[in-house]
Structures are given as C-alpha cells and as structure tokens.
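Next comes run-v3.cif, with mmCIF, N, CA and C atoms.
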data_input
#
loop_
_atom_site.label_atom_id
_atom_site.label_comp_id
_atom_site.auth_asym_id
_atom_site.auth_seq_id
_atom_site.Cartn_x
_atom_site.Cartn_y
_atom_site.Cartn_z
N MET W 1 -34.53 -12.63 28.37
CA MET W 1 -33.76 -11.46 27.98
C MET W 1 -34.74 -10.34 27.70
N GLY W 2 -34.52 -9.21 28.30
CA GLY W 2 -35.43 -8.08 28.16
C GLY W 2 -35.18 -7.29 26.89
N PRO W 3 -36.07 -6.34 26.59
CA PRO W 3 -35.94 -5.54 25.38
C PRO W 3 -34.68 -4.66 25.39
N GLY W 4 -34.17 -4.33 26.56
CA GLY W 4 -32.94 -3.54 26.64
C GLY W 4 -31.75 -4.28 26.05
N TRP W 5 -31.66 -5.58 26.32
CA TRP W 5 -30.56 -6.39 25.78
C TRP W 5 -30.67 -6.53 24.28
N VAL W 6 -31.88 -6.63 23.76
CA VAL W 6 -32.07 -6.73 22.31
C VAL W 6 -31.56 -5.47 21.62
N ILE W 7 -31.82 -4.33 22.24
CA ILE W 7 -31.34 -3.06 21.68
C ILE W 7 -29.82 -2.99 21.73
N VAL W 8 -29.24 -3.39 22.86
CA VAL W 8 -27.77 -3.38 22.98
C VAL W 8 -27.14 -4.31 21.96
N ILE W 9 -27.66 -5.51 21.82
CA ILE W 9 -27.11 -6.47 20.85
C ILE W 9 -27.28 -5.94 19.43
N GLY W 10 -28.45 -5.35 19.14
CA GLY W 10 -28.68 -4.80 17.81
C GLY W 10 -27.74 -3.66 17.48
N LEU W 11 -27.54 -2.75 18.42
CA LEU W 11 -26.62 -1.63 18.20
C LEU W 11 -25.18 -2.11 18.06
N THR W 12 -24.81 -3.11 18.83
CA THR W 12 -23.46 -3.67 18.72
C THR W 12 -23.25 -4.29 17.34
N ALA W 13 -24.25 -5.02 16.85
CA ALA W 13 -24.15 -5.65 15.53
C ALA W 13 -24.04 -4.59 14.43
N VAL W 14 -24.87 -3.56 14.52
CA VAL W 14 -24.83 -2.49 13.52
C VAL W 14 -23.49 -1.75 13.58
N GLY W 15 -23.01 -1.45 14.77
CA GLY W 15 -21.72 -0.77 14.91
C GLY W 15 -20.56 -1.59 14.39
N THR W 16 -20.58 -2.89 14.65
CA THR W 16 -19.53 -3.78 14.16
C THR W 16 -19.56 -3.85 12.64
N ALA W 17 -20.75 -3.96 12.06
CA ALA W 17 -20.87 -4.01 10.60
C ALA W 17 -20.40 -2.69 9.97
N ALA W 18 -20.76 -1.57 10.57
CA ALA W 18 -20.34 -0.27 10.05
C ALA W 18 -18.82 -0.12 10.11
N PHE W 19 -18.22 -0.54 11.21
CA PHE W 19 -16.76 -0.51 11.36
C PHE W 19 -16.09 -1.37 10.29
N TRP W 20 -16.61 -2.56 10.07
CA TRP W 20 -16.07 -3.50 9.09
C TRP W 20 -16.14 -2.91 7.69
N ILE W 21 -17.30 -2.36 7.33
CA ILE W 21 -17.47 -1.77 5.99
C ILE W 21 -16.57 -0.56 5.82
N TRP W 22 -16.47 0.28 6.85
CA TRP W 22 -15.60 1.44 6.77
C TRP W 22 -14.15 1.01 6.51
N GLY W 23 -13.70 -0.03 7.19
CA GLY W 23 -12.33 -0.51 7.00
C GLY W 23 -12.08 -1.00 5.59
N ILE W 24 -13.04 -1.72 5.02
CA ILE W 24 -12.88 -2.22 3.65
C ILE W 24 -12.84 -1.05 2.67
N VAL W 25 -13.73 -0.09 2.84
CA VAL W 25 -13.75 1.09 1.96
C VAL W 25 -12.45 1.88 2.10
N ASP W 26 -11.95 2.02 3.32
CA ASP W 26 -10.69 2.73 3.53
C ASP W 26 -9.54 2.01 2.83
N THR W 27 -9.49 0.71 2.95
CA THR W 27 -8.43 -0.06 2.29
C THR W 27 -8.49 0.14 0.79
N ALA W 28 -9.68 0.07 0.23
CA ALA W 28 -9.84 0.21 -1.22
C ALA W 28 -9.53 1.62 -1.71
N SER W 29 -9.63 2.61 -0.84
CA SER W 29 -9.46 4.00 -1.28
C SER W 29 -8.01 4.43 -1.44
N HIS W 30 -7.06 3.69 -0.92
CA HIS W 30 -5.65 4.08 -1.03
C HIS W 30 -5.03 3.45 -2.26
N PRO W 31 -4.10 4.16 -2.92
CA PRO W 31 -3.52 3.64 -4.16
C PRO W 31 -2.61 2.43 -3.92
N GLU W 32 -2.56 1.58 -4.91
CA GLU W 32 -1.75 0.35 -4.84
C GLU W 32 -0.28 0.67 -4.60
N TRP W 33 0.24 1.73 -5.23
CA TRP W 33 1.66 2.04 -5.09
C TRP W 33 2.01 2.36 -3.64
N ALA W 34 1.09 2.97 -2.87
CA ALA W 34 1.37 3.27 -1.47
C ALA W 34 1.48 1.98 -0.66
N PHE W 35 0.64 1.00 -0.97
CA PHE W 35 0.73 -0.30 -0.30
C PHE W 35 2.07 -0.97 -0.62
N ARG W 36 2.47 -0.94 -1.91
CA ARG W 36 3.75 -1.56 -2.30
C ARG W 36 4.91 -0.90 -1.57
N ARG W 37 4.90 0.44 -1.52
CA ARG W 37 6.00 1.14 -0.84
C ARG W 37 6.00 0.85 0.65
N ALA W 38 4.84 0.50 1.23
CA ALA W 38 4.76 0.14 2.65
C ALA W 38 5.03 -1.35 2.86
N GLY W 39 5.34 -2.08 1.78
CA GLY W 39 5.64 -3.51 1.89
C GLY W 39 4.40 -4.37 2.08
N GLN W 40 3.27 -3.90 1.58
CA GLN W 40 2.01 -4.62 1.75
C GLN W 40 1.35 -4.86 0.40
N ASN W 41 0.29 -5.67 0.41
CA ASN W 41 -0.46 -5.98 -0.79
C ASN W 41 -1.91 -5.57 -0.58
N LYS W 42 -2.37 -4.62 -1.37
CA LYS W 42 -3.72 -4.07 -1.20
C LYS W 42 -4.79 -5.14 -1.38
N ALA W 43 -4.71 -5.93 -2.44
CA ALA W 43 -5.72 -6.96 -2.70
C ALA W 43 -5.77 -7.98 -1.57
N PHE W 44 -4.62 -8.35 -1.03
CA PHE W 44 -4.56 -9.30 0.08
C PHE W 44 -5.37 -8.79 1.26
N TRP W 45 -5.19 -7.51 1.61
CA TRP W 45 -5.88 -6.96 2.78
C TRP W 45 -7.38 -6.84 2.54
N ILE W 46 -7.78 -6.48 1.33
CA ILE W 46 -9.21 -6.40 1.04
C ILE W 46 -9.85 -7.77 1.16
N VAL W 47 -9.22 -8.79 0.56
CA VAL W 47 -9.76 -10.15 0.65
C VAL W 47 -9.79 -10.62 2.10
N LEU W 48 -8.74 -10.36 2.84
CA LEU W 48 -8.68 -10.77 4.24
C LEU W 48 -9.80 -10.12 5.06
N GLU W 49 -10.01 -8.84 4.84
CA GLU W 49 -11.06 -8.14 5.58
C GLU W 49 -12.45 -8.66 5.21
N VAL W 50 -12.69 -8.87 3.93
CA VAL W 50 -14.00 -9.36 3.50
C VAL W 50 -14.23 -10.77 4.03
N ALA W 51 -13.22 -11.61 3.94
CA ALA W 51 -13.39 -13.02 4.32
C ALA W 51 -13.44 -13.23 5.83
N LEU W 52 -12.63 -12.51 6.58
CA LEU W 52 -12.51 -12.79 8.00
C LEU W 52 -13.13 -11.73 8.91
N GLY W 53 -13.64 -10.65 8.34
CA GLY W 53 -14.44 -9.71 9.11
C GLY W 53 -13.69 -8.65 9.86
N TRP W 54 -14.35 -8.18 10.92
CA TRP W 54 -13.90 -7.00 11.64
C TRP W 54 -12.55 -7.17 12.31
N PHE W 55 -12.17 -8.39 12.68
CA PHE W 55 -10.88 -8.57 13.34
C PHE W 55 -9.73 -8.21 12.41
N CYS W 56 -9.80 -8.65 11.15
CA CYS W 56 -8.76 -8.29 10.18
C CYS W 56 -8.82 -6.81 9.83
N THR W 57 -10.03 -6.25 9.84
CA THR W 57 -10.17 -4.81 9.63
C THR W 57 -9.44 -4.06 10.75
N LEU W 58 -9.60 -4.51 11.97
CA LEU W 58 -8.92 -3.89 13.10
C LEU W 58 -7.40 -4.00 12.94
N LEU W 59 -6.91 -5.17 12.53
CA LEU W 59 -5.47 -5.35 12.29
C LEU W 59 -4.97 -4.37 11.23
N TYR W 60 -5.72 -4.27 10.12
CA TYR W 60 -5.34 -3.35 9.04
C TYR W 60 -5.29 -1.91 9.57
N LEU W 61 -6.34 -1.48 10.23
CA LEU W 61 -6.42 -0.09 10.67
C LEU W 61 -5.34 0.28 11.69
N LEU W 62 -4.95 -0.68 12.53
CA LEU W 62 -3.95 -0.38 13.55
C LEU W 62 -2.50 -0.56 13.09
N SER W 63 -2.27 -1.49 12.15
CA SER W 63 -0.88 -1.77 11.79
C SER W 63 -0.49 -1.38 10.37
N VAL W 64 -1.36 -1.59 9.41
CA VAL W 64 -1.00 -1.36 8.01
C VAL W 64 -1.36 0.06 7.56
N ARG W 65 -2.53 0.51 7.91
CA ARG W 65 -3.00 1.82 7.44
C ARG W 65 -2.03 2.95 7.78
N PRO W 66 -1.47 3.02 8.99
CA PRO W 66 -0.52 4.11 9.27
C PRO W 66 0.69 4.10 8.33
N ARG W 67 1.18 2.91 8.00
CA ARG W 67 2.34 2.83 7.09
C ARG W 67 1.96 3.23 5.67
N VAL W 68 0.78 2.81 5.22
CA VAL W 68 0.31 3.17 3.88
C VAL W 68 0.11 4.68 3.79
N LEU W 69 -0.53 5.27 4.81
CA LEU W 69 -0.72 6.72 4.82
C LEU W 69 0.61 7.46 4.82
N HIS W 70 1.56 6.96 5.58
CA HIS W 70 2.88 7.60 5.61
C HIS W 70 3.50 7.61 4.22
N GLN W 71 3.46 6.48 3.54
CA GLN W 71 4.03 6.41 2.18
C GLN W 71 3.26 7.33 1.23
N GLN W 72 1.96 7.32 1.36
CA GLN W 72 1.14 8.12 0.46
C GLN W 72 1.36 9.61 0.66
N LEU W 73 1.52 10.04 1.89
CA LEU W 73 1.65 11.47 2.17
C LEU W 73 3.09 11.98 2.08
N SER W 74 4.07 11.09 2.19
CA SER W 74 5.45 11.56 2.17
C SER W 74 6.09 11.47 0.80
N TRP W 75 5.46 10.82 -0.14
CA TRP W 75 6.04 10.69 -1.48
C TRP W 75 6.10 12.06 -2.14
N ALA W 76 7.22 12.38 -2.75
CA ALA W 76 7.43 13.63 -3.49
C ALA W 76 7.25 14.87 -2.62
N GLY W 77 7.49 14.72 -1.33
CA GLY W 77 7.52 15.88 -0.47
C GLY W 77 6.19 16.41 0.01
N GLY W 78 5.11 15.74 -0.23
CA GLY W 78 3.85 16.26 0.27
C GLY W 78 2.67 15.40 -0.11
N PRO W 79 1.50 15.79 0.33
CA PRO W 79 0.31 14.99 0.07
C PRO W 79 -0.03 14.94 -1.42
N THR W 80 -0.04 13.75 -1.96
CA THR W 80 -0.47 13.52 -3.33
C THR W 80 -1.28 12.24 -3.34
N PRO W 81 -2.44 12.22 -2.70
CA PRO W 81 -3.13 10.96 -2.48
C PRO W 81 -3.63 10.25 -3.74
N TYR W 82 -3.82 10.96 -4.84
CA TYR W 82 -4.40 10.29 -6.00
C TYR W 82 -3.48 10.28 -7.21
N ALA W 83 -2.29 10.85 -7.09
CA ALA W 83 -1.37 10.86 -8.21
C ALA W 83 -0.26 9.85 -7.96
N PRO W 84 -0.17 8.80 -8.77
CA PRO W 84 0.92 7.85 -8.57
C PRO W 84 2.26 8.50 -8.92
N PRO W 85 3.32 8.07 -8.27
CA PRO W 85 4.61 8.67 -8.56
C PRO W 85 5.09 8.28 -9.95
N ALA W 86 5.90 9.14 -10.52
CA ALA W 86 6.48 8.84 -11.82
C ALA W 86 7.62 7.85 -11.60
N VAL W 87 7.43 6.61 -11.99
CA VAL W 87 8.43 5.57 -11.82
C VAL W 87 8.89 5.13 -13.21
N PRO W 88 10.19 5.12 -13.44
CA PRO W 88 10.67 4.72 -14.76
C PRO W 88 10.28 3.27 -15.09
N GLU W 89 10.05 3.05 -16.36
CA GLU W 89 9.77 1.70 -16.85
C GLU W 89 11.04 0.85 -16.69
N PRO W 90 10.90 -0.48 -16.69
CA PRO W 90 12.08 -1.34 -16.61
C PRO W 90 13.06 -1.04 -17.76
N ALA W 91 14.33 -0.85 -17.42
CA ALA W 91 15.35 -0.54 -18.42
C ALA W 91 16.71 -0.52 -17.74
N TRP W 92 17.76 -0.37 -18.57
CA TRP W 92 19.12 -0.22 -18.06
C TRP W 92 19.38 1.27 -17.83
N PHE W 93 19.97 1.59 -16.67
CA PHE W 93 20.30 2.96 -16.31
C PHE W 93 21.71 2.98 -15.71
N PRO W 94 22.36 4.17 -15.70
CA PRO W 94 23.64 4.26 -15.00
C PRO W 94 23.47 3.82 -13.55
N ASP W 95 24.40 3.03 -13.08
CA ASP W 95 24.31 2.48 -11.72
C ASP W 95 24.29 3.61 -10.69
N PRO W 96 23.25 3.68 -9.87
CA PRO W 96 23.19 4.75 -8.87
C PRO W 96 24.27 4.63 -7.79
N GLN W 97 24.95 3.47 -7.74
CA GLN W 97 26.04 3.30 -6.77
C GLN W 97 27.36 3.84 -7.30
N GLY W 98 27.33 4.37 -8.54
CA GLY W 98 28.53 5.02 -9.09
C GLY W 98 29.62 4.06 -9.52
N THR W 99 29.26 2.87 -9.99
CA THR W 99 30.27 1.90 -10.41
C THR W 99 30.78 2.15 -11.82
N GLY W 100 30.13 3.06 -12.57
CA GLY W 100 30.49 3.28 -13.96
C GLY W 100 29.86 2.25 -14.88
N MET W 101 29.04 1.36 -14.33
CA MET W 101 28.35 0.33 -15.11
C MET W 101 26.88 0.74 -15.26
N MET W 102 26.15 -0.06 -16.04
CA MET W 102 24.72 0.10 -16.17
C MET W 102 24.06 -0.95 -15.27
N ARG W 103 23.03 -0.55 -14.53
CA ARG W 103 22.31 -1.47 -13.65
C ARG W 103 20.87 -1.54 -14.15
N TYR W 104 20.26 -2.74 -14.04
CA TYR W 104 18.90 -2.93 -14.53
C TYR W 104 17.88 -2.55 -13.46
N TRP W 105 16.95 -1.67 -13.84
CA TRP W 105 15.82 -1.27 -13.00
C TRP W 105 14.62 -2.08 -13.48
N ASP W 106 14.00 -2.90 -12.59
CA ASP W 106 12.91 -3.77 -13.03
C ASP W 106 11.53 -3.11 -12.93
N GLY W 107 11.51 -1.79 -12.67
CA GLY W 107 10.25 -1.08 -12.54
C GLY W 107 9.84 -0.91 -11.09
N THR W 108 10.49 -1.66 -10.19
CA THR W 108 10.19 -1.57 -8.77
C THR W 108 11.46 -1.34 -7.95
N VAL W 109 12.49 -2.14 -8.22
CA VAL W 109 13.75 -2.05 -7.47
C VAL W 109 14.93 -2.20 -8.43
N TRP W 110 16.10 -1.76 -7.96
CA TRP W 110 17.32 -2.01 -8.71
C TRP W 110 17.69 -3.49 -8.53
N THR W 111 18.05 -4.14 -9.63
CA THR W 111 18.44 -5.54 -9.55
C THR W 111 19.95 -5.65 -9.33
N GLN W 112 20.44 -6.88 -9.22
CA GLN W 112 21.88 -7.10 -9.06
C GLN W 112 22.60 -7.15 -10.42
N TYR W 113 21.84 -7.06 -11.51
CA TYR W 113 22.41 -7.22 -12.85
C TYR W 113 23.12 -5.96 -13.31
N LEU W 114 24.40 -6.13 -13.69
CA LEU W 114 25.22 -5.03 -14.19
C LEU W 114 25.72 -5.38 -15.59
N ARG W 115 26.00 -4.35 -16.38
CA ARG W 115 26.66 -4.54 -17.68
C ARG W 115 27.48 -3.28 -17.95
N PRO W 116 28.43 -3.39 -18.86
CA PRO W 116 29.24 -2.20 -19.17
C PRO W 116 28.38 -1.09 -19.75
N ASP W 117 28.79 0.12 -19.50
CA ASP W 117 28.09 1.30 -20.04
C ASP W 117 28.60 1.52 -21.45
N ASP W 118 27.80 1.13 -22.43
CA ASP W 118 28.23 1.24 -23.83
C ASP W 118 27.63 2.44 -24.54
N ARG W 119 27.14 3.41 -23.74
CA ARG W 119 26.59 4.63 -24.35
C ARG W 119 27.75 5.47 -24.88
N PRO W 120 27.54 6.15 -26.00
CA PRO W 120 28.62 7.00 -26.52
C PRO W 120 28.86 8.18 -25.60
N ALA W 121 30.13 8.51 -25.44
CA ALA W 121 30.51 9.67 -24.60
C ALA W 121 30.37 10.92 -25.46
N TRP W 122 29.70 11.91 -24.96
CA TRP W 122 29.49 13.16 -25.74
C TRP W 122 30.48 14.16 -25.36
#

Is it possible to give me this structure as structure tokens?
Amino acid sequence: MGPGWVIVIGLTAVGTAAFWIWGIVDTASHPEWAFRRAGQNKAFWIVLEVALGWFCTLLYLLSVRPRVLHQQLSWAGGPTPYAPPAVPEPAWFPDPQGTGMMRYWDGTVWTQYLRPDDRPAW
C-alpha cells in the first residue's frame, strides 16, 4: 500500500471522527423539551451515538434532528432555542374539551381522569 492510500485512510478516519463528534455535540445542544415534543429521548440518542458511533449519528441527523428542530423553532410562534416553554405544573384544570368537569394535567399531557368542578362560581 502506497503513501497515497495512507493519506486517504487517515483523512477518512479524521473526517468520520469529526462527523461523529459533531453529531453528539449537536444532540446535546438541543433542549430536552424539544426532544419530548418530537416524541424522542435526548439521553437515549446521546448514549446511542456514543456507544455505536457514526452510523447512529447519521440516523439522528437524518431522522430525529429535523423533528427536534421543528419543535424547537415552532414553539410559541418563533425561534426560542434556549427558553423552555411555560408548562403548567401537574394539577386539576377545567377540561379543555368543555365537559364542565376538571381534568388532571400530569405536567406533560392531559390524563383521562375527570372530577366535578367544585370551584366556587363568582
């Protein structure tokens, strides 16, 4: 094998490593809430990329990253990459479906749990 092949192999190795590191850094740079809204788990993807290398980084960059970016940039009507959305704490709230009952918000989604609205009428 001549010196030309050594250079090609070396550059390929350096390029692959740089791509892999860039993907891990990109994954870590997006907020957790954007991953949750995209139906993904940030820690899972970081571990997968670190453990299995550039192939999982490629999967993340092609399939998950566009969805995470969409959630991150479309929340609250515009780009807010570092400000998490204001999400109410878990509690009972008037049912958004208009049933006249109270529905429990678990901090992430509305649950199936309903109870009568016992708030005083003003």

The PyMOL selection byres ((chain W and resi 116) around 7) resolved against shown file, as an MDAnalysis selection string: chainID W and resid 100:102 114:115 117:119

Would you mind telling me which residue in W:Arg37, W:Ser63, W:Trp54, W:Val68 lies nearest to Thr108 (chain W) when using only C-alpha atoms? W:Arg37

When you draw a straight line from CA of Arg103 (chain W) to CA of Arg36 (chain W), how long is it in Å? 21.8 Å

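When only C-alpha atoms are used to compute distances to Asp26 (chain W), the closest of the residues W:Phe55, W:Tyr104, W:Trp110, W:Trp45 turns out to be W:Trp45.
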
Just the residues within 8 Å of Tyr60 (chain W), please, counting only C-alpha atoms, with nothing from its chain fewer than 4 positions along; format it as a PyMOL selection string. chain W and resi 23+45+56+64-65

Mind writing the picked residues with N, CA and C atoms as a PDB file, in the frame of the given file?
ATOM      1  N   GLY W  23     -13.700  -0.030   7.190  1.00  0.00           N
ATOM      2  CA  GLY W  23     -12.330  -0.510   7.000  1.00  0.00           C
ATOM      3  C   GLY W  23     -12.080  -1.000   5.590  1.00  0.00           C
ATOM      4  N   TRP W  45      -5.190  -7.510   1.610  1.00  0.00           N
ATOM      5  CA  TRP W  45      -5.880  -6.960   2.780  1.00  0.00           C
ATOM      6  C   TRP W  45      -7.380  -6.840   2.540  1.00  0.00           C
ATOM      7  N   CYS W  56      -9.800  -8.650  11.150  1.00  0.00           N
ATOM      8  CA  CYS W  56      -8.760  -8.290  10.180  1.00  0.00           C
ATOM      9  C   CYS W  56      -8.820  -6.810   9.830  1.00  0.00           C
ATOM     10  N   VAL W  64      -1.360  -1.590   9.410  1.00  0.00           N
ATOM     11  CA  VAL W  64      -1.000  -1.360   8.010  1.00  0.00           C
ATOM     12  C   VAL W  64      -1.360   0.060   7.560  1.00  0.00           C
ATOM     13  N   ARG W  65      -2.530   0.510   7.910  1.00  0.00           N
ATOM     14  CA  ARG W  65      -3.000   1.820   7.440  1.00  0.00           C
ATOM     15  C   ARG W  65      -2.030   2.950   7.780  1.00  0.00           C
TER      16      ARG W  65
END

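Interatomic distance, CA of Glu32 (chain W) against CA of Ala18 (chain W): 23.8 Å.
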
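What separates CA of Leu52 (chain W) from CA of Ser29 (chain W) is a distance of 19.4 Å.
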
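The nearest approach to Phe19 (chain W) among the residues W:Gly98, W:Pro120, W:Gly53, W:Val109, with all atoms listed in the file taken into account, belongs to W:Gly53.
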
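Distances here use only C-alpha atoms; by that measure, the residue among W:Ile9, W:Pro3, W:Ala17, W:Thr111 closest to Asp95 (chain W) is W:Thr111.
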
Provide an axis-aligned box for all listed atoms of region 52-59 of chain W, padding each side by 3 Å; report its centre and its edge lengths in Å to one decimal, as JSON.
{"center_x": -9.7, "center_y": -8.3, "center_z": 10.0, "size_x": 15.5, "size_y": 14.9, "size_z": 12.8}
